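query30.cif (mmCIF, C-alpha atoms)
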```cif
data_start
#
loop_
_atom_site.group_PDB
_atom_site.id
_atom_site.type_symbol
_atom_site.label_atom_id
_atom_site.label_comp_id
_atom_site.auth_asym_id
_atom_site.auth_seq_id
_atom_site.Cartn_x
_atom_site.Cartn_y
_atom_site.Cartn_z
ATOM 1 C CA MET K 1 0.000 0.000 0.000
ATOM 2 C CA ASP K 2 1.262 3.465 -0.916
ATOM 3 C CA LEU K 3 -0.311 4.605 2.342
ATOM 4 C CA ILE K 4 2.045 2.423 4.382
ATOM 5 C CA LYS K 5 5.084 3.392 2.319
ATOM 6 C CA SER K 6 4.392 7.078 2.932
ATOM 7 C CA LEU K 7 4.115 6.457 6.675
ATOM 8 C CA GLU K 8 7.368 4.506 6.761
ATOM 9 C CA GLU K 9 9.149 7.346 4.964
ATOM 10 C CA LEU K 10 7.748 10.003 7.311
ATOM 11 C CA ASN K 11 10.455 12.008 9.098
ATOM 12 C CA TYR K 12 9.008 12.701 12.550
ATOM 13 C CA LEU K 13 11.304 15.542 13.592
ATOM 14 C CA GLU K 14 10.938 17.267 10.237
ATOM 15 C CA TYR K 15 7.177 16.931 10.412
ATOM 16 C CA LEU K 16 7.115 18.335 13.958
ATOM 17 C CA SER K 17 9.103 21.371 12.847
ATOM 18 C CA GLU K 18 6.310 22.189 10.384
ATOM 19 C CA ASN K 19 3.437 20.968 12.573
ATOM 20 C CA PRO K 20 4.447 21.417 16.247
ATOM 21 C CA ILE K 21 1.720 19.278 17.774
ATOM 22 C CA HIS K 22 3.953 18.578 20.778
ATOM 23 C CA GLU K 23 3.328 22.176 21.856
ATOM 24 C CA ILE K 24 -0.431 21.617 21.831
ATOM 25 C CA LEU K 25 0.084 18.527 23.989
ATOM 26 C CA ASN K 26 2.589 20.242 26.343
ATOM 27 C CA ILE K 27 5.294 17.717 25.495
ATOM 28 C CA ASP K 28 8.942 18.745 25.883
ATOM 29 C CA ILE K 29 10.809 17.071 23.030
ATOM 30 C CA LYS K 30 14.080 17.204 24.975
ATOM 31 C CA ASP K 31 12.568 15.220 27.835
ATOM 32 C CA TYR K 32 10.536 12.851 25.670
ATOM 33 C CA GLY K 33 13.432 10.796 24.289
ATOM 34 C CA ASP K 34 13.716 9.078 20.927
ATOM 35 C CA ILE K 35 10.547 9.694 18.915
ATOM 36 C CA ASN K 36 11.301 6.732 16.659
ATOM 37 C CA LYS K 37 11.242 4.169 19.492
ATOM 38 C CA LYS K 38 8.066 2.575 20.828
ATOM 39 C CA ILE K 39 7.434 2.702 24.571
ATOM 40 C CA VAL K 40 7.991 -0.712 26.173
ATOM 41 C CA ARG K 41 5.283 -1.522 28.713
ATOM 42 C CA SER K 42 5.001 -4.073 31.508
ATOM 43 C CA PRO K 43 2.646 -7.029 30.844
ATOM 44 C CA TYR K 44 -0.283 -5.671 32.880
ATOM 45 C CA GLU K 45 0.217 -1.924 32.414
ATOM 46 C CA THR K 46 -2.533 -1.452 29.841
ATOM 47 C CA VAL K 47 -5.023 -4.029 31.135
ATOM 48 C CA ASN K 48 -4.914 -3.033 34.810
ATOM 49 C CA ASN K 49 -4.694 0.720 34.335
ATOM 50 C CA LYS K 50 -8.373 1.611 34.580
ATOM 51 C CA ASP K 51 -8.230 5.206 35.773
ATOM 52 C CA TYR K 52 -5.466 6.903 33.787
ATOM 53 C CA PRO K 53 -4.569 7.208 30.107
ATOM 54 C CA ASN K 54 -1.527 5.395 28.797
ATOM 55 C CA ALA K 55 1.765 7.206 28.280
ATOM 56 C CA THR K 56 1.936 9.466 25.232
ATOM 57 C CA GLU K 57 3.079 7.765 22.018
ATOM 58 C CA LEU K 58 4.252 10.785 20.036
ATOM 59 C CA ASP K 59 5.106 8.768 16.927
ATOM 60 C CA ASP K 60 1.502 7.495 16.761
ATOM 61 C CA LEU K 61 0.136 11.025 17.094
ATOM 62 C CA ILE K 62 2.421 12.380 14.387
ATOM 63 C CA ARG K 63 1.240 9.655 12.002
ATOM 64 C CA LEU K 64 -2.393 10.459 12.756
ATOM 65 C CA HIS K 65 -1.851 14.162 12.102
ATOM 66 C CA TYR K 66 -0.024 13.346 8.884
ATOM 67 C CA LEU K 67 -2.809 11.032 7.682
ATOM 68 C CA VAL K 68 -5.479 13.676 8.245
ATOM 69 C CA LYS K 69 -3.515 16.320 6.374
ATOM 70 C CA SER K 70 -2.107 14.210 3.538
ATOM 71 C CA ARG K 71 -5.501 12.619 2.793
ATOM 72 C CA LYS K 72 -7.344 15.944 3.188
ATOM 73 C CA VAL K 73 -9.680 14.280 5.679
ATOM 74 C CA ILE K 74 -12.956 16.124 6.181
ATOM 75 C CA THR K 75 -14.827 14.307 8.980
ATOM 76 C CA ILE K 76 -13.413 12.097 11.745
ATOM 77 C CA LEU K 77 -15.126 9.550 13.975
ATOM 78 C CA GLU K 78 -12.959 8.759 16.992
ATOM 79 C CA PHE K 79 -13.593 6.000 19.519
ATOM 80 C CA GLY K 80 -11.832 6.963 22.767
ATOM 81 C CA VAL K 81 -11.047 10.604 23.590
ATOM 82 C CA GLY K 82 -7.577 11.797 24.574
ATOM 83 C CA LYS K 83 -4.500 13.419 23.102
ATOM 84 C CA SER K 84 -5.456 12.123 19.670
ATOM 85 C CA THR K 85 -8.574 14.323 19.901
ATOM 86 C CA ALA K 86 -6.464 17.472 20.071
ATOM 87 C CA VAL K 87 -4.238 16.243 17.253
ATOM 88 C CA PHE K 88 -7.258 15.590 15.030
ATOM 89 C CA SER K 89 -8.669 19.013 15.837
ATOM 90 C CA ASP K 90 -5.444 20.748 14.827
ATOM 91 C CA ALA K 91 -5.097 18.789 11.589
ATOM 92 C CA LEU K 92 -8.733 19.402 10.621
ATOM 93 C CA SER K 93 -8.326 23.133 11.324
ATOM 94 C CA LYS K 94 -5.377 23.234 8.940
ATOM 95 C CA ASN K 95 -7.382 21.333 6.325
ATOM 96 C CA LYS K 96 -10.199 23.849 6.683
ATOM 97 C CA GLU K 97 -7.790 26.746 6.148
ATOM 98 C CA GLN K 98 -6.349 25.158 3.016
ATOM 99 C CA HIS K 99 -9.355 23.384 1.505
ATOM 100 C CA GLY K 100 -12.459 24.791 3.178
ATOM 101 C CA GLU K 101 -13.638 26.832 0.212
ATOM 102 C CA TYR K 102 -13.316 23.945 -2.249
ATOM 103 C CA VAL K 103 -15.109 21.512 0.059
ATOM 104 C CA ARG K 104 -17.925 23.961 0.724
ATOM 105 C CA GLU K 105 -18.511 24.745 -2.967
ATOM 106 C CA ASN K 106 -17.876 21.339 -4.571
ATOM 107 C CA LEU K 107 -18.470 18.443 -2.178
ATOM 108 C CA ARG K 108 -21.529 17.179 -0.359
ATOM 109 C CA ARG K 109 -20.224 17.011 3.192
ATOM 110 C CA SER K 110 -22.568 17.948 6.030
ATOM 111 C CA ASN K 111 -20.024 17.823 8.887
ATOM 112 C CA PRO K 112 -16.946 19.407 7.300
ATOM 113 C CA PHE K 113 -13.765 19.579 9.383
ATOM 114 C CA GLU K 114 -15.378 18.133 12.504
ATOM 115 C CA CYS K 115 -14.035 15.500 14.877
ATOM 116 C CA HIS K 116 -16.737 13.499 16.638
ATOM 117 C CA SER K 117 -15.266 11.709 19.643
ATOM 118 C CA VAL K 118 -17.121 8.876 21.387
ATOM 119 C CA ASP K 119 -16.375 7.645 24.907
ATOM 120 C CA ASN K 120 -18.232 5.878 27.719
ATOM 121 C CA ASN K 121 -16.312 7.598 30.527
ATOM 122 C CA GLU K 122 -18.143 10.849 31.234
ATOM 123 C CA GLU K 123 -15.577 12.044 33.779
ATOM 124 C CA TRP K 124 -12.703 11.513 31.350
ATOM 125 C CA ILE K 125 -14.585 13.377 28.609
ATOM 126 C CA GLY K 126 -14.901 16.312 31.012
ATOM 127 C CA ILE K 127 -11.159 16.310 31.715
ATOM 128 C CA VAL K 128 -10.232 16.227 28.020
ATOM 129 C CA LYS K 129 -12.886 18.805 27.125
ATOM 130 C CA LYS K 130 -11.507 21.202 29.746
ATOM 131 C CA GLU K 131 -7.906 20.583 28.644
ATOM 132 C CA TYR K 132 -8.671 21.362 25.011
ATOM 133 C CA SER K 133 -11.471 23.885 25.485
ATOM 134 C CA SER K 134 -10.043 26.220 22.842
ATOM 135 C CA PHE K 135 -10.725 23.715 20.053
ATOM 136 C CA LYS K 136 -14.160 24.414 18.605
ATOM 137 C CA ASN K 137 -14.345 21.647 15.994
ATOM 138 C CA ILE K 138 -14.501 18.752 18.499
ATOM 139 C CA PHE K 139 -17.879 17.221 19.333
ATOM 140 C CA TYR K 140 -17.877 14.945 22.376
ATOM 141 C CA HIS K 141 -20.397 12.112 22.649
ATOM 142 C CA TYR K 142 -20.896 10.358 25.961
ATOM 143 C CA CYS K 143 -22.286 6.948 25.001
ATOM 144 C CA LYS K 144 -23.196 3.965 27.100
ATOM 145 C CA CYS K 145 -21.280 0.868 25.984
ATOM 146 C CA GLU K 146 -22.566 -2.684 26.409
ATOM 147 C CA VAL K 147 -21.570 -6.231 25.544
ATOM 148 C CA ASN K 148 -23.662 -7.440 22.619
ATOM 149 C CA LEU K 149 -23.576 -9.671 19.534
ATOM 150 C CA ILE K 150 -22.768 -9.091 15.885
ATOM 151 C CA ASN K 151 -23.059 -12.098 13.578
ATOM 152 C CA PHE K 152 -23.499 -14.225 16.742
ATOM 153 C CA ARG K 153 -20.057 -13.065 17.919
ATOM 154 C CA ILE K 154 -19.534 -11.301 21.230
ATOM 155 C CA CYS K 155 -18.375 -7.697 20.988
ATOM 156 C CA THR K 156 -19.105 -4.271 22.495
ATOM 157 C CA LEU K 157 -21.399 -1.601 21.062
ATOM 158 C CA PHE K 158 -21.869 2.087 21.882
ATOM 159 C CA TYR K 159 -25.380 3.533 22.229
ATOM 160 C CA GLY K 160 -26.027 7.153 21.187
ATOM 161 C CA MET K 161 -23.478 7.257 18.380
ATOM 162 C CA PRO K 162 -23.159 10.443 16.293
ATOM 163 C CA ASN K 163 -25.124 10.160 13.039
ATOM 164 C CA ILE K 164 -22.316 11.225 10.699
ATOM 165 C CA CYS K 165 -20.436 9.913 7.666
ATOM 166 C CA PRO K 166 -16.703 9.941 8.464
ATOM 167 C CA ASP K 167 -13.877 9.537 5.976
ATOM 168 C CA LEU K 168 -11.462 8.593 8.778
ATOM 169 C CA ILE K 169 -12.270 6.371 11.767
ATOM 170 C CA TYR K 170 -9.848 5.992 14.668
ATOM 171 C CA LEU K 171 -10.451 3.056 17.008
ATOM 172 C CA ASP K 172 -8.885 3.425 20.449
ATOM 173 C CA GLY K 173 -11.816 2.742 22.784
ATOM 174 C CA PRO K 174 -13.539 1.601 24.862
ATOM 175 C CA ASP K 175 -11.278 -0.001 27.426
ATOM 176 C CA GLN K 176 -12.161 -3.557 28.320
ATOM 177 C CA TYR K 177 -13.265 -2.907 31.926
ATOM 178 C CA SER K 178 -15.806 -0.094 31.632
ATOM 179 C CA VAL K 179 -18.199 -1.924 29.291
ATOM 180 C CA GLU K 180 -21.488 -2.942 30.910
ATOM 181 C CA GLY K 181 -23.261 -6.297 30.817
ATOM 182 C CA ASP K 182 -22.400 -9.715 29.448
ATOM 183 C CA VAL K 183 -23.649 -12.343 27.028
ATOM 184 C CA ARG K 184 -24.186 -15.700 28.722
ATOM 185 C CA GLY K 185 -21.737 -14.633 31.424
ATOM 186 C CA LEU K 186 -19.029 -13.612 28.945
ATOM 187 C CA SER K 187 -17.612 -10.096 28.781
ATOM 188 C CA THR K 188 -14.364 -8.192 28.214
ATOM 189 C CA ASN K 189 -13.982 -7.520 31.949
ATOM 190 C CA HIS K 190 -11.016 -9.801 32.633
ATOM 191 C CA PRO K 191 -7.253 -9.079 32.404
ATOM 192 C CA ASP K 192 -6.803 -11.903 29.888
ATOM 193 C CA ARG K 193 -9.587 -10.601 27.660
ATOM 194 C CA MET K 194 -9.143 -7.770 25.178
ATOM 195 C CA PRO K 195 -11.232 -4.936 23.705
ATOM 196 C CA MET K 196 -13.641 -6.107 21.001
ATOM 197 C CA SER K 197 -15.521 -3.153 19.512
ATOM 198 C CA GLY K 198 -18.109 -4.004 16.858
ATOM 199 C CA ASP K 199 -19.465 -0.551 16.009
ATOM 200 C CA ILE K 200 -17.601 -0.270 12.709
ATOM 201 C CA VAL K 201 -19.106 -3.536 11.510
ATOM 202 C CA ALA K 202 -22.562 -2.159 12.251
ATOM 203 C CA ILE K 203 -22.047 1.006 10.168
ATOM 204 C CA GLU K 204 -19.890 -0.541 7.421
ATOM 205 C CA HIS K 205 -22.394 -0.273 4.598
ATOM 206 C CA PHE K 206 -22.914 3.446 5.236
ATOM 207 C CA LEU K 207 -19.212 4.197 4.695
ATOM 208 C CA THR K 208 -18.047 5.655 1.397
ATOM 209 C CA PRO K 209 -15.176 4.353 -0.765
ATOM 210 C CA GLY K 210 -11.913 5.964 0.299
ATOM 211 C CA THR K 211 -12.721 5.727 4.012
ATOM 212 C CA LEU K 212 -9.718 4.874 6.205
ATOM 213 C CA ILE K 213 -9.885 3.020 9.526
ATOM 214 C CA VAL K 214 -6.899 3.176 11.904
ATOM 215 C CA VAL K 215 -6.859 0.772 14.846
ATOM 216 C CA ASP K 216 -4.388 1.620 17.615
ATOM 217 C CA GLY K 217 -2.975 -1.673 18.906
ATOM 218 C CA ARG K 218 -5.983 -3.904 19.673
ATOM 219 C CA THR K 219 -4.805 -6.668 17.364
ATOM 220 C CA ALA K 220 -7.559 -9.070 18.401
ATOM 221 C CA ASN K 221 -10.152 -6.378 17.689
ATOM 222 C CA ALA K 222 -8.554 -5.622 14.313
ATOM 223 C CA ARG K 223 -8.740 -9.308 13.410
ATOM 224 C CA PHE K 224 -12.387 -9.319 14.487
ATOM 225 C CA LEU K 225 -13.026 -6.451 12.073
ATOM 226 C CA LYS K 226 -11.096 -8.174 9.295
ATOM 227 C CA SER K 227 -13.168 -11.339 9.764
ATOM 228 C CA ASN K 228 -16.537 -9.570 9.875
ATOM 229 C CA LEU K 229 -16.263 -6.642 7.470
ATOM 230 C CA GLN K 230 -17.845 -7.602 4.147
ATOM 231 C CA ARG K 231 -16.735 -4.967 1.655
ATOM 232 C CA ASN K 232 -13.492 -4.615 -0.291
ATOM 233 C CA TRP K 233 -11.060 -3.398 2.372
ATOM 234 C CA ASP K 234 -7.300 -3.238 1.895
ATOM 235 C CA TYR K 235 -5.870 -4.321 5.254
ATOM 236 C CA PHE K 236 -2.353 -3.952 6.626
ATOM 237 C CA HIS K 237 -0.968 -4.610 10.092
ATOM 238 C CA HIS K 238 2.215 -2.665 10.763
ATOM 239 C CA ALA K 239 3.773 -4.511 13.690
ATOM 240 C CA GLU K 240 6.455 -1.876 14.276
ATOM 241 C CA PHE K 241 3.849 0.898 14.540
ATOM 242 C CA ASP K 242 1.490 -1.422 16.440
ATOM 243 C CA GLN K 243 -1.302 -0.078 14.256
ATOM 244 C CA HIS K 244 -3.765 -1.598 11.789
ATOM 245 C CA PHE K 245 -5.032 0.104 8.637
ATOM 246 C CA PHE K 246 -8.194 -0.622 6.653
ATOM 247 C CA GLU K 247 -8.856 1.340 3.458
ATOM 248 C CA LEU K 248 -12.169 0.948 1.598
ATOM 249 C CA LYS K 249 -11.054 0.287 -1.983
ATOM 250 C CA GLU K 250 -14.193 0.363 -4.108
ATOM 251 C CA SER K 251 -15.418 2.278 -7.126
ATOM 252 C CA PRO K 252 -17.234 5.521 -6.262
ATOM 253 C CA LEU K 253 -20.886 5.440 -5.235
ATOM 254 C CA GLY K 254 -21.646 8.382 -7.512
ATOM 255 C CA PRO K 255 -20.324 11.727 -8.811
ATOM 256 C CA TYR K 256 -19.978 13.396 -5.400
ATOM 257 C CA ASN K 257 -18.051 10.480 -3.943
ATOM 258 C CA LYS K 258 -15.815 10.413 -7.020
ATOM 259 C CA LYS K 259 -15.165 14.135 -6.759
ATOM 260 C CA GLN K 260 -14.210 13.711 -3.109
ATOM 261 C CA ILE K 261 -11.875 10.795 -3.897
ATOM 262 C CA ASP K 262 -10.204 12.736 -6.743
ATOM 263 C CA PHE K 263 -9.722 15.789 -4.542
ATOM 264 C CA CYS K 264 -8.707 14.120 -1.275
ATOM 265 C CA LEU K 265 -6.812 11.048 -2.468
ATOM 266 C CA GLY K 266 -5.851 11.935 -6.048
ATOM 267 C CA GLU K 267 -7.082 10.692 -9.403
ATOM 268 C CA ASP K 268 -4.514 7.857 -9.372
ATOM 269 C CA TRP K 269 -6.259 6.306 -6.346
ATOM 270 C CA LEU K 270 -9.001 4.904 -8.565
ATOM 271 C CA LYS K 271 -6.507 3.357 -10.963
ATOM 272 C CA GLY K 272 -5.517 0.835 -8.301
ATOM 273 C CA LEU K 273 -8.978 -0.709 -8.079
#
```
What is this file in structure tokens?
Amino acid sequence: MDLIKSLEELNYLEYLSENPIHEILNIDIKDYGDINKKIVRSPYETVNNKDYPNATELDDLIRLHYLVKSRKVITILEFGVGKSTAVFSDALSKNKEQHGEYVRENLRRSNPFECHSVDNNEEWIGIVKKEYSSFKNIFYHYCKCEVNLINFRICTLFYGMPNICPDLIYLDGPDQYSVEGDVRGLSTNHPDRMPMSGDIVAIEHFLTPGTLIVVDGRTANARFLKSNLQRNWDYFHHAEFDQHFFELKESPLGPYNKKQIDFCLGEDWLKGL
């Protein structure tokens, strides 16, 4: 995938010099360490840490910002609020400055340059909302999350989702402990379980060709998506990034979708179908 090649060739320090997102996040680059190295965690750090966000992965955030800008993303659906929310807001604001007039006059997009962030932790939403109160293009959605079934397979589903059509979806929530309920006694609430969000499967057939899904870690959940999504998705797991990428590679639904693909992804994108 050209998408993956472009990410592998991305120079993090050079990108930060042009897009200083570390300043938005109050990160001191001198204290952070090597941006190119992943943070090594203890075995139970992520599964037992129920009350606090994980340590900042600046390389992940730089890639997310780059994806939004390079693909001229217009609307984002984010599962799990946090530092990524601020990064998305900044990237979308830059896209609006550069491409807002074209999008407004030529494309049929009802939520242009908005980030809709879903979470089931109301207190955490309040903390993030206060931290990034100056960003006006973020829409927070507190949604109850329950264990349920999709295709007779156990997963979790949010209730009260925003009724939007995103061209980028970022999956980094919910955590495995805060989900309510069970199916026949089975749930994600166990340290040897893992998150298993099924919301993207439920909305798959509303998504437009060109849509990109980024899954942060959550390999079991990414494999669940790969097994249950039905349309023509290009899938790639980048083990070094610890991220999964799904790109909806289909012919356009109609003239407006084609115009968006040509503008955001380039006319050559369709040649690879």
Discussion item. Can you pull out the residues contacting Ile261 (chain K)? Cut-off 9 Å, using only C-alpha atoms, and skip same-chain residues under 6 positions away; I want them as a PyMOL selection string.
Written reply: chain K and resi 209-210+252+267+269-270
Practice prompt. Expand the PyMOL selection byres ((chain K and resi 99-103) around 10) into the individual residues it matches in the shown file, reporting them as a list of chain:residue names.
Written response: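 Expected selection for the PyMOL selection byres ((chain K and resi 99-103) around 10) here is K:Lys72, K:Ile74, K:Leu92, K:Ser93, K:Lys94, K:Asn95, K:Lys96, K:Glu97, K:Gln98, K:Arg104, K:Glu105, K:Asn106, K:Leu107, K:Arg108, K:Arg109, K:Pro112, K:Phe113, K:Gln260, K:Phe263, K:Cys264.
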Worksheet item: Could you spell out the hits of the PyMOL selection byres ((chain K and resi 129) around 10) on the shown file, as a ChimeraX atom specification?
Response: /K:81-82,85-86,123-128,130-135,138-140
Worksheet item: Out of K:Asp262, K:Glu114, K:Glu146, K:Glu8, which residue has the shortest atom-to-atom distance to Ala239 (chain K) when counting only C-alpha atoms?
Response: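 Counting only C-alpha atoms, the residue closest to Ala239 (chain K) is K:Glu8.
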Item to complete: Go through K:His116, K:Lys249, K:Lys144, K:His205 and flag the residue nearest Pro162 (chain K), using all atoms listed in the file for the distances.
Response: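 Closest candidate: K:His116.
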Discussion item. With distances taken over only C-alpha atoms, which residue among K:Asn121, K:Asn137, K:Asn232, K:Thr56 lies nearest Phe88 (chain K)?
Written reply: K:Asn137
Discussion item. Translate the PyMOL selection byres ((chain K and resi 29) around 12) into a concrete residue list for this structure, as a PyMOL selection string.
Written reply: chain K and resi 12-13+16-17+20-23+25-28+30-35+56+58-59
